[in-house]
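Everything below belongs to query.cif, which stores mmCIF, C-alpha atoms.
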```cif
data_run
#
loop_
_atom_site.label_atom_id
_atom_site.label_comp_id
_atom_site.auth_asym_id
_atom_site.auth_seq_id
_atom_site.Cartn_x
_atom_site.Cartn_y
_atom_site.Cartn_z
CA MET A 978 242.13 111.64 -81.66
CA THR A 979 240.57 115.10 -81.40
CA THR A 980 236.78 115.09 -81.76
CA ARG A 981 235.06 117.47 -84.16
CA THR A 982 231.37 118.23 -83.99
CA THR A 983 228.64 120.42 -85.40
CA ALA A 984 227.67 123.28 -83.09
CA ILE A 985 225.35 126.28 -83.22
CA ASP A 986 227.05 129.68 -83.34
CA ALA A 987 224.96 131.76 -80.94
CA HIS A 988 225.97 135.01 -82.65
CA THR A 989 224.16 134.11 -85.87
CA PHE A 990 222.20 130.93 -84.98
CA THR A 991 223.99 129.06 -87.77
CA GLU A 992 225.76 125.69 -87.78
CA ILE A 993 229.54 125.65 -87.50
CA GLU A 994 232.19 122.94 -87.33
CA PHE A 995 233.74 122.93 -83.89
CA GLU A 996 236.87 121.18 -82.63
CA VAL A 997 236.07 119.81 -79.20
CA GLY A 998 239.57 118.79 -78.18
CA ASP A 999 240.74 115.90 -76.02
CA PRO A 1000 239.40 115.29 -72.49
CA GLY A 1001 241.44 116.79 -69.67
CA PRO A 1002 242.26 114.69 -66.60
CA HIS A 1003 238.81 115.17 -65.01
CA ASP A 1004 236.80 115.73 -68.21
CA LEU A 1005 233.98 113.75 -69.71
CA LEU A 1006 233.35 113.81 -73.44
CA VAL A 1007 229.56 113.78 -73.62
CA GLU A 1008 227.47 113.02 -76.67
CA VAL A 1009 224.70 115.57 -76.15
CA ARG A 1010 221.16 114.26 -76.59
CA ALA A 1011 219.12 117.31 -75.46
CA VAL A 1012 219.64 120.86 -74.21
CA SER A 1013 217.45 123.57 -72.74
CA VAL A 1014 217.57 127.37 -72.79
CA ASN A 1015 217.94 129.73 -69.84
CA PRO A 1016 218.11 133.50 -69.28
CA ALA A 1017 221.88 133.03 -68.89
CA ASP A 1018 222.06 132.03 -72.58
CA HIS A 1019 220.37 135.27 -73.60
CA LYS A 1020 222.56 137.43 -71.35
CA VAL A 1021 225.78 135.96 -72.71
CA ARG A 1022 224.59 135.93 -76.33
CA THR A 1023 223.74 139.64 -76.33
CA GLY A 1024 227.32 140.40 -75.27
CA LEU A 1025 228.97 138.32 -77.99
CA GLU A 1026 231.09 140.13 -80.56
CA GLY A 1027 231.75 137.09 -82.71
CA PRO A 1028 231.09 133.35 -82.97
CA GLY A 1029 230.46 131.43 -79.78
CA VAL A 1030 228.93 128.14 -78.69
CA LEU A 1031 226.42 128.72 -75.89
CA GLY A 1032 224.22 126.38 -73.90
CA TYR A 1033 224.45 125.26 -70.29
CA ASP A 1034 221.79 122.65 -69.57
CA ALA A 1035 222.39 119.30 -71.24
CA ALA A 1036 221.65 115.60 -70.97
CA GLY A 1037 223.65 112.99 -72.82
CA VAL A 1038 225.87 109.91 -72.87
CA VAL A 1039 229.50 109.76 -71.75
CA ARG A 1040 231.69 108.61 -74.65
CA GLU A 1041 235.22 109.18 -73.28
CA VAL A 1042 236.70 110.01 -69.88
CA GLY A 1043 239.88 111.74 -68.77
CA ALA A 1044 242.74 109.87 -67.13
CA ASP A 1045 241.76 110.84 -63.56
CA VAL A 1046 237.97 110.50 -63.82
CA THR A 1047 236.52 108.32 -61.07
CA ALA A 1048 232.79 109.09 -61.05
CA TYR A 1049 231.77 108.01 -64.57
CA ALA A 1050 232.55 105.59 -67.36
CA PRO A 1051 231.73 105.48 -71.08
CA GLY A 1052 228.07 104.66 -71.61
CA ASP A 1053 226.82 106.46 -68.49
CA GLU A 1054 223.79 108.73 -68.94
CA VAL A 1055 224.32 112.15 -67.35
CA TYR A 1056 222.87 115.64 -66.97
CA TYR A 1057 224.60 118.89 -66.06
CA ALA A 1058 224.65 122.70 -66.38
CA GLY A 1059 228.23 123.32 -67.49
CA THR A 1060 230.03 126.59 -66.86
CA ILE A 1061 230.52 129.96 -68.51
CA ASP A 1062 234.26 129.66 -69.18
CA ARG A 1063 234.09 126.69 -71.60
CA PRO A 1064 232.28 126.06 -74.90
CA GLY A 1065 228.61 125.29 -74.34
CA SER A 1066 226.19 122.45 -74.88
CA ASN A 1067 224.59 123.59 -78.14
CA ALA A 1068 226.66 121.02 -80.00
CA GLY A 1069 226.80 117.32 -80.76
CA PHE A 1070 229.65 116.72 -78.27
CA GLN A 1071 230.88 118.65 -75.25
CA LEU A 1072 233.70 118.43 -72.73
CA VAL A 1073 232.60 118.94 -69.13
CA ASP A 1074 234.30 118.41 -65.78
CA GLU A 1075 233.09 115.35 -63.86
CA HIS A 1076 232.72 117.36 -60.62
CA ILE A 1077 229.65 119.22 -61.93
CA VAL A 1078 227.91 116.32 -63.71
CA GLY A 1079 225.09 114.27 -62.22
CA ARG A 1080 223.47 110.94 -62.98
CA LYS A 1081 220.53 111.44 -65.35
CA PRO A 1082 217.20 110.51 -63.71
CA SER A 1083 216.35 107.10 -65.15
CA THR A 1084 212.62 107.85 -65.31
CA LEU A 1085 213.02 110.91 -67.55
CA GLY A 1086 213.56 111.28 -71.27
CA TRP A 1087 216.44 113.34 -72.62
CA ALA A 1088 214.55 116.61 -73.01
CA GLU A 1089 212.83 116.20 -69.62
CA ALA A 1090 216.22 115.73 -67.97
CA ALA A 1091 217.90 118.57 -69.85
CA ALA A 1092 215.28 120.99 -68.50
CA LEU A 1093 216.51 120.53 -64.93
CA PRO A 1094 220.21 121.05 -64.13
CA LEU A 1095 220.81 124.82 -64.12
CA THR A 1096 217.57 125.68 -62.40
CA THR A 1097 217.97 122.79 -59.95
CA ILE A 1098 221.48 123.86 -58.93
CA THR A 1099 220.41 127.51 -58.62
CA ALA A 1100 217.37 126.63 -56.52
CA TRP A 1101 219.28 124.19 -54.31
CA GLU A 1102 222.11 126.63 -53.60
CA ALA A 1103 219.64 129.46 -52.96
CA LEU A 1104 217.61 127.45 -50.45
CA PHE A 1105 220.23 125.34 -48.72
CA ASP A 1106 223.50 127.29 -49.07
CA ALA A 1107 222.29 130.90 -48.94
CA LEU A 1108 219.14 130.69 -46.81
CA ARG A 1109 220.35 127.59 -44.93
CA LEU A 1110 216.90 126.01 -44.89
CA GLY A 1111 216.44 122.38 -43.86
CA PRO A 1112 213.87 119.75 -42.89
CA GLY A 1113 213.02 121.57 -39.66
CA SER A 1114 212.65 125.02 -41.23
CA THR A 1115 209.30 126.79 -40.96
CA GLY A 1116 207.96 130.21 -41.86
CA ARG A 1117 206.95 131.63 -45.22
CA LEU A 1118 209.00 131.76 -48.40
CA LEU A 1119 208.00 134.21 -51.13
CA VAL A 1120 209.00 132.87 -54.56
CA VAL A 1121 208.83 135.63 -57.15
CA SER A 1122 208.01 134.44 -60.69
CA ALA A 1123 207.13 130.99 -59.40
CA ALA A 1124 206.13 129.71 -62.85
CA GLY A 1125 209.61 130.33 -64.25
CA GLY A 1126 212.20 127.60 -64.54
CA VAL A 1127 214.07 128.48 -61.34
CA GLY A 1128 210.98 129.50 -59.39
CA ALA A 1129 209.34 126.17 -60.12
CA MET A 1130 212.37 124.29 -58.80
CA VAL A 1131 212.65 126.53 -55.72
CA THR A 1132 209.00 125.75 -54.97
CA GLN A 1133 209.38 121.99 -55.46
CA LEU A 1134 212.55 121.69 -53.40
CA ALA A 1135 211.19 123.88 -50.61
CA LYS A 1136 207.98 121.85 -50.36
CA THR A 1137 209.79 118.51 -50.61
CA LEU A 1138 212.76 119.10 -48.32
CA THR A 1139 211.70 121.82 -45.85
CA GLY A 1140 208.69 122.76 -43.75
CA VAL A 1141 208.20 126.28 -45.12
CA GLU A 1142 204.98 127.61 -46.59
CA VAL A 1143 205.43 128.84 -50.17
CA ILE A 1144 203.80 131.93 -51.62
CA GLY A 1145 204.43 131.97 -55.36
CA THR A 1146 203.89 135.00 -57.55
CA ALA A 1147 202.30 134.97 -61.01
CA SER A 1148 200.33 137.47 -63.05
CA ARG A 1149 198.44 135.21 -65.48
CA GLU A 1150 196.00 132.38 -64.91
CA GLU A 1151 198.14 129.83 -66.75
CA SER A 1152 201.30 130.75 -64.83
CA ALA A 1153 199.39 130.68 -61.53
CA ALA A 1154 198.09 127.20 -62.37
CA PHE A 1155 201.62 125.98 -63.16
CA ALA A 1156 202.99 127.41 -59.90
CA ARG A 1157 200.26 125.62 -57.96
CA SER A 1158 201.08 122.37 -59.77
CA MET A 1159 204.68 122.76 -58.57
CA GLY A 1160 203.44 122.93 -54.97
CA ALA A 1161 202.88 126.62 -54.17
CA ASP A 1162 200.54 126.97 -51.18
CA HIS A 1163 199.33 130.43 -52.20
CA ILE A 1164 199.52 132.63 -55.29
CA ALA A 1165 200.14 136.39 -55.24
CA ASP A 1166 200.27 138.81 -58.17
CA HIS A 1167 203.74 140.30 -58.61
CA THR A 1168 202.31 143.38 -60.34
CA THR A 1169 200.78 144.42 -56.98
CA LEU A 1170 203.22 142.57 -54.78
CA VAL A 1171 202.69 143.99 -51.28
CA GLU A 1172 198.91 144.14 -51.45
CA SER A 1173 198.63 140.74 -53.09
CA VAL A 1174 200.94 138.95 -50.65
CA ARG A 1175 199.18 140.47 -47.66
CA LYS A 1176 195.91 139.03 -48.83
CA VAL A 1177 197.30 135.54 -48.16
CA ALA A 1178 199.86 136.15 -45.38
CA PRO A 1179 200.71 138.94 -42.91
CA ASP A 1180 204.45 138.71 -43.59
CA VAL A 1181 207.24 136.49 -44.90
CA GLN A 1182 210.61 135.39 -43.56
CA TYR A 1183 212.38 134.52 -46.82
CA VAL A 1184 212.32 135.76 -50.41
CA PHE A 1185 213.66 134.18 -53.60
CA SER A 1186 214.14 137.04 -56.07
CA PRO A 1187 214.84 136.74 -59.80
CA VAL A 1188 213.46 140.29 -60.36
CA SER A 1189 214.99 142.51 -57.71
CA GLY A 1190 215.59 146.18 -58.50
CA ARG A 1191 212.00 147.34 -58.52
CA ASN A 1192 211.04 145.11 -55.59
CA VAL A 1193 213.54 146.07 -52.87
CA GLU A 1194 211.12 148.39 -51.07
CA ALA A 1195 208.35 145.79 -51.31
CA TYR A 1196 210.64 143.17 -49.77
CA ALA A 1197 211.54 145.60 -46.98
CA GLU A 1198 207.86 146.08 -46.25
CA LEU A 1199 206.85 142.40 -46.41
CA LEU A 1200 209.74 140.74 -44.55
CA THR A 1201 209.88 140.29 -40.80
CA PRO A 1202 212.91 141.79 -38.99
CA ARG A 1203 216.12 139.88 -39.81
CA GLY A 1204 214.44 138.22 -42.76
CA GLU A 1205 216.50 137.08 -45.74
CA ILE A 1206 216.48 137.54 -49.51
CA VAL A 1207 218.41 135.55 -52.10
CA ALA A 1208 218.66 137.11 -55.57
CA ILE A 1209 219.88 135.76 -58.91
CA ASP A 1210 219.69 138.89 -61.09
CA GLU A 1211 221.97 141.93 -61.29
CA PRO A 1212 219.89 145.12 -61.69
CA PRO A 1213 222.08 148.19 -62.26
CA GLY A 1214 222.02 150.89 -59.62
CA MET A 1215 220.00 148.89 -57.10
CA ASP A 1216 219.63 150.58 -53.70
CA LEU A 1217 219.56 148.19 -50.71
CA LEU A 1218 219.27 150.85 -47.99
CA PRO A 1219 215.51 150.20 -47.51
CA LEU A 1220 216.55 146.83 -45.98
CA LYS A 1221 218.64 148.34 -43.20
CA SER A 1222 215.99 149.34 -40.63
CA LYS A 1223 214.83 145.71 -40.29
CA SER A 1224 218.39 144.32 -40.44
CA LEU A 1225 217.46 142.27 -43.51
CA THR A 1226 220.08 140.07 -45.18
CA TRP A 1227 220.72 140.07 -48.94
CA HIS A 1228 222.36 137.00 -50.51
CA TRP A 1229 223.57 136.55 -54.08
CA GLU A 1230 223.30 133.22 -55.88
CA LEU A 1231 225.27 132.37 -59.03
CA MET A 1232 225.43 128.67 -59.84
CA PHE A 1233 228.64 129.18 -61.85
CA THR A 1234 230.58 130.20 -58.72
CA ARG A 1235 231.60 126.66 -57.77
CA PRO A 1236 232.88 125.58 -61.22
CA LEU A 1237 234.70 128.90 -61.65
CA TYR A 1238 236.35 129.18 -58.23
CA GLN A 1239 236.16 125.72 -56.67
CA PRO A 1240 236.71 123.40 -59.65
CA THR A 1241 237.32 120.27 -57.58
CA ASP A 1242 234.23 120.76 -55.39
CA ALA A 1243 231.78 117.92 -56.16
CA THR A 1244 228.81 119.53 -54.39
CA GLN A 1245 226.93 120.15 -57.64
CA ARG A 1246 227.42 116.54 -58.73
CA GLU A 1247 226.10 115.36 -55.38
CA LEU A 1248 223.04 117.60 -55.42
CA LEU A 1249 222.19 116.62 -58.99
CA ASN A 1250 222.41 112.96 -57.97
CA ARG A 1251 220.18 113.66 -54.96
CA VAL A 1252 217.59 115.34 -57.17
CA ALA A 1253 217.80 112.47 -59.68
CA ASP A 1254 216.84 110.16 -56.81
CA LEU A 1255 213.95 112.47 -55.85
CA VAL A 1256 212.75 112.48 -59.46
CA ASP A 1257 212.94 108.70 -59.74
CA GLU A 1258 211.05 108.41 -56.44
CA GLY A 1259 208.27 110.61 -57.86
CA ARG A 1260 208.86 113.46 -55.39
CA ILE A 1261 210.23 116.02 -57.90
CA ARG A 1262 209.03 116.44 -61.48
CA THR A 1263 210.52 117.94 -64.59
CA THR A 1264 209.61 121.54 -65.42
CA LEU A 1265 209.69 120.94 -69.18
CA THR A 1266 206.73 122.52 -70.98
CA GLN A 1267 207.85 122.61 -74.63
CA THR A 1268 210.28 120.68 -76.83
CA TYR A 1269 211.76 121.54 -80.21
CA GLU A 1270 212.78 118.47 -82.20
CA GLY A 1271 216.30 119.00 -83.47
CA LEU A 1272 219.16 121.27 -82.41
CA THR A 1273 219.11 123.54 -85.45
CA GLY A 1274 219.79 127.24 -85.76
CA ALA A 1275 216.14 127.93 -86.53
CA ASN A 1276 214.89 125.97 -83.53
CA LEU A 1277 217.43 127.51 -81.18
CA GLU A 1278 216.57 131.01 -82.37
CA ALA A 1279 212.86 130.27 -81.84
CA ALA A 1280 213.57 129.00 -78.33
CA HIS A 1281 215.57 132.13 -77.51
CA ARG A 1282 212.85 134.40 -78.85
CA GLN A 1283 210.30 132.55 -76.74
CA LEU A 1284 212.44 132.97 -73.63
CA GLU A 1285 213.00 136.65 -74.34
CA SER A 1286 209.25 137.26 -74.50
CA GLY A 1287 209.11 137.02 -70.71
CA ARG A 1288 206.01 134.82 -70.91
CA THR A 1289 207.62 131.38 -70.82
CA ILE A 1290 206.23 128.95 -68.28
CA GLY A 1291 208.60 126.26 -67.05
CA LYS A 1292 211.42 125.26 -69.39
CA VAL A 1293 211.95 124.92 -73.14
CA ALA A 1294 214.24 122.14 -74.43
CA LEU A 1295 215.64 120.99 -77.77
CA THR A 1296 216.53 117.44 -78.72
CA VAL A 1297 219.84 117.03 -80.54
CA ARG A 1298 219.05 113.87 -82.46
#
```
Please lay out the structure from this file as structure tokens.
Amino acid sequence: MTTRTTAIDAHTFTEIEFEVGDPGPHDLLVEVRAVSVNPADHKVRTGLEGPGVLGYDAAGVVREVGADVTAYAPGDEVYYAGTIDRPGSNAGFQLVDEHIVGRKPSTLGWAEAAALPLTTITAWEALFDALRLGPGSTGRLLVVSAAGGVGAMVTQLAKTLTGVEVIGTASREESAAFARSMGADHIADHTTLVESVRKVAPDVQYVFSPVSGRNVEAYAELLTPRGEIVAIDEPPGMDLLPLKSKSLTWHWELMFTRPLYQPTDATQRELLNRVADLVDEGRIRTTLTQTYEGLTGANLEAAHRQLESGRTIGKVALTVR
């Protein structure tokens, strides 16, 4: 029987009735218990021309499974970041492919867990796929906007699973304090990036960049020859030529690449399970800083407005029920 649910139309932040459909062979039907908001939600919402159900991060309970599902069973508690080519998590129920779903950390509540998946996947792929860091890696990693959702996870994963020194950037006392609590060894001010970084380190070998266009020349100045940058934004008209004289490498990271182009790749499931273990061992913590009680249009709109202010520290989540 086809499941119907109440969802939030991101175009108007109003409730709509939404037909979920039946699980495909590798689908889970998840009863959503909490969601969180990300810059990706804002980017997609501003391009909508009509109704649409957004939301990527979610934590919930598996209620039904597709015929070929092997990783989960009804009753399992999960967390995941979804994909951009299917209806989102801002709803009571959602269909999601088992390959991109992880086991929810048992020590976290629903909202605490929902704050993690998208930023965790992005940070993991940036560090370990793009930059190819590992337990024996050393050097300095510059994490721009280290108090943001992704920056906080990049910092935690780098300090937990590699040997690099982390320089996090922040421009306010409260964001600097949060970045330090995530494990940053040093704090630099991203409004005066080159001068501020050089006060704590002579150079860096790696950069994580969520704010790239205006910083390319600064990265070229700060990085050692053959250093590497991994970026998650898409600034129009960006010029990368300043990187050439030092033979610097520019990587792109988009966590939706695997679900879009490699749908049977279970790497994201595996990394989410690994991070769930790290959370339950007390080595990684949630980045949740604020929770709205209830997935309503008003609450979702407030969460989006907060994110759009550019002053959000950590992650903002909403409980569904």
Evaluate the PyMOL selection byres ((chain A and resi 1141-1155) around 6) here and jot the selected residues down as a PyMOL selection string.
chain A and resi 1115-1124+1139-1140+1156-1158+1161-1167
Would you translate the PyMOL selection byres ((chain A and resi 1032) around 9) into the concrete set of residues it matches in this file, as an MDAnalysis selection string?
chainID A and resid 987 1012:1015 1017:1018 1030:1031 1033:1035 1058:1059 1064:1068
Take the selection from the previous step and output its residues with C-alpha atoms, as a compact mmCIF listing (two decimals), in the frame of the given file.
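result-v1.txt was written with the following content:
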```txt
# COMPACT_ATOMS: atom_id res chain seq x y z
CA ALA A 987 224.96 131.76 -80.94
CA VAL A 1012 219.64 120.86 -74.21
CA SER A 1013 217.45 123.57 -72.74
CA VAL A 1014 217.57 127.37 -72.79
CA ASN A 1015 217.94 129.73 -69.84
CA ALA A 1017 221.88 133.03 -68.89
CA ASP A 1018 222.06 132.03 -72.58
CA VAL A 1030 228.93 128.14 -78.69
CA LEU A 1031 226.42 128.72 -75.89
CA TYR A 1033 224.45 125.26 -70.29
CA ASP A 1034 221.79 122.65 -69.57
CA ALA A 1035 222.39 119.30 -71.24
CA ALA A 1058 224.65 122.70 -66.38
CA GLY A 1059 228.23 123.32 -67.49
CA PRO A 1064 232.28 126.06 -74.90
CA GLY A 1065 228.61 125.29 -74.34
CA SER A 1066 226.19 122.45 -74.88
CA ASN A 1067 224.59 123.59 -78.14
CA ALA A 1068 226.66 121.02 -80.00
```
Convert the output of the PyMOL selection byres ((chain A and resi 1285-1290) around 6) on the shown file into explicit residues, formatted as a VMD selection string.
chain A and resid 1124 to 1125 1282 to 1284 1291
Selected residue of minimal separation from Ser1083 of chain A among A:Glu1194, A:Glu1054, A:Glu1247, A:Asp1062, counting all atoms listed in the file
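Under the stated criterion, the closest residue is A:Glu1054.
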For atom CA of Ala1195 of chain A and atom CA of Pro1219 of chain A, determine how far apart the two atoms are, in Å to one decimal place.
9.2 Å
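Here atom CA of Phe1070 of chain A stands at a distance of 6.7 Å from atom CA of Leu1006 of chain A.
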Between atom CA of Ser1222 of chain A and atom CA of Pro1179 of chain A, measure the distance and give it in Å to one decimal.
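These two atoms are separated by 18.6 Å.
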With N, CA and C atoms as the goal, would you fill in the gaps in segment 1102-1122 of chain A and present it as a compact mmCIF listing (two decimals), keeping the file's coordinate frame?
```
# COMPACT_ATOMS: atom_id res chain seq x y z
N GLU A 1102 221.14 125.77 -54.27
CA GLU A 1102 222.11 126.63 -53.60
C GLU A 1102 221.43 127.82 -52.93
N ALA A 1103 220.37 128.34 -53.56
CA ALA A 1103 219.64 129.46 -52.96
C ALA A 1103 218.99 129.05 -51.64
N LEU A 1104 218.35 127.90 -51.64
CA LEU A 1104 217.61 127.45 -50.45
C LEU A 1104 218.53 126.93 -49.35
N PHE A 1105 219.50 126.10 -49.73
CA PHE A 1105 220.23 125.34 -48.72
C PHE A 1105 221.62 125.90 -48.40
N ASP A 1106 222.23 126.63 -49.35
CA ASP A 1106 223.50 127.29 -49.07
C ASP A 1106 223.28 128.72 -48.56
N ALA A 1107 222.49 129.50 -49.31
CA ALA A 1107 222.29 130.90 -48.94
C ALA A 1107 221.35 131.05 -47.75
N LEU A 1108 220.13 130.53 -47.87
CA LEU A 1108 219.14 130.69 -46.81
C LEU A 1108 219.28 129.66 -45.69
N ARG A 1109 220.07 128.62 -45.93
CA ARG A 1109 220.35 127.59 -44.93
C ARG A 1109 219.07 126.93 -44.40
N LEU A 1110 218.12 126.70 -45.28
CA LEU A 1110 216.90 126.01 -44.89
C LEU A 1110 217.16 124.51 -44.78
N GLY A 1111 216.29 123.81 -44.04
CA GLY A 1111 216.44 122.38 -43.86
C GLY A 1111 215.12 121.75 -43.50
N PRO A 1112 215.12 120.47 -43.19
CA PRO A 1112 213.87 119.75 -42.89
C PRO A 1112 213.06 120.38 -41.76
N GLY A 1113 213.74 120.99 -40.79
CA GLY A 1113 213.02 121.57 -39.66
C GLY A 1113 212.64 123.03 -39.85
N SER A 1114 212.94 123.60 -41.01
CA SER A 1114 212.65 125.02 -41.23
C SER A 1114 211.16 125.26 -41.39
N THR A 1115 210.69 126.37 -40.82
CA THR A 1115 209.30 126.79 -40.96
C THR A 1115 209.27 128.25 -41.40
N GLY A 1116 208.10 128.83 -41.41
CA GLY A 1116 207.96 130.21 -41.86
C GLY A 1116 207.42 130.25 -43.27
N ARG A 1117 207.49 131.43 -43.87
CA ARG A 1117 206.95 131.63 -45.22
C ARG A 1117 208.05 132.06 -46.18
N LEU A 1118 208.06 131.44 -47.33
CA LEU A 1118 209.00 131.76 -48.40
C LEU A 1118 208.22 132.36 -49.56
N LEU A 1119 208.59 133.57 -49.96
CA LEU A 1119 208.00 134.21 -51.13
C LEU A 1119 208.87 133.89 -52.34
N VAL A 1120 208.29 133.22 -53.33
CA VAL A 1120 209.00 132.87 -54.56
C VAL A 1120 208.47 133.74 -55.68
N VAL A 1121 209.24 134.73 -56.08
CA VAL A 1121 208.83 135.63 -57.15
C VAL A 1121 209.00 134.92 -58.50
N SER A 1122 208.02 135.11 -59.38
CA SER A 1122 208.01 134.44 -60.69
C SER A 1122 208.08 132.92 -60.51
```
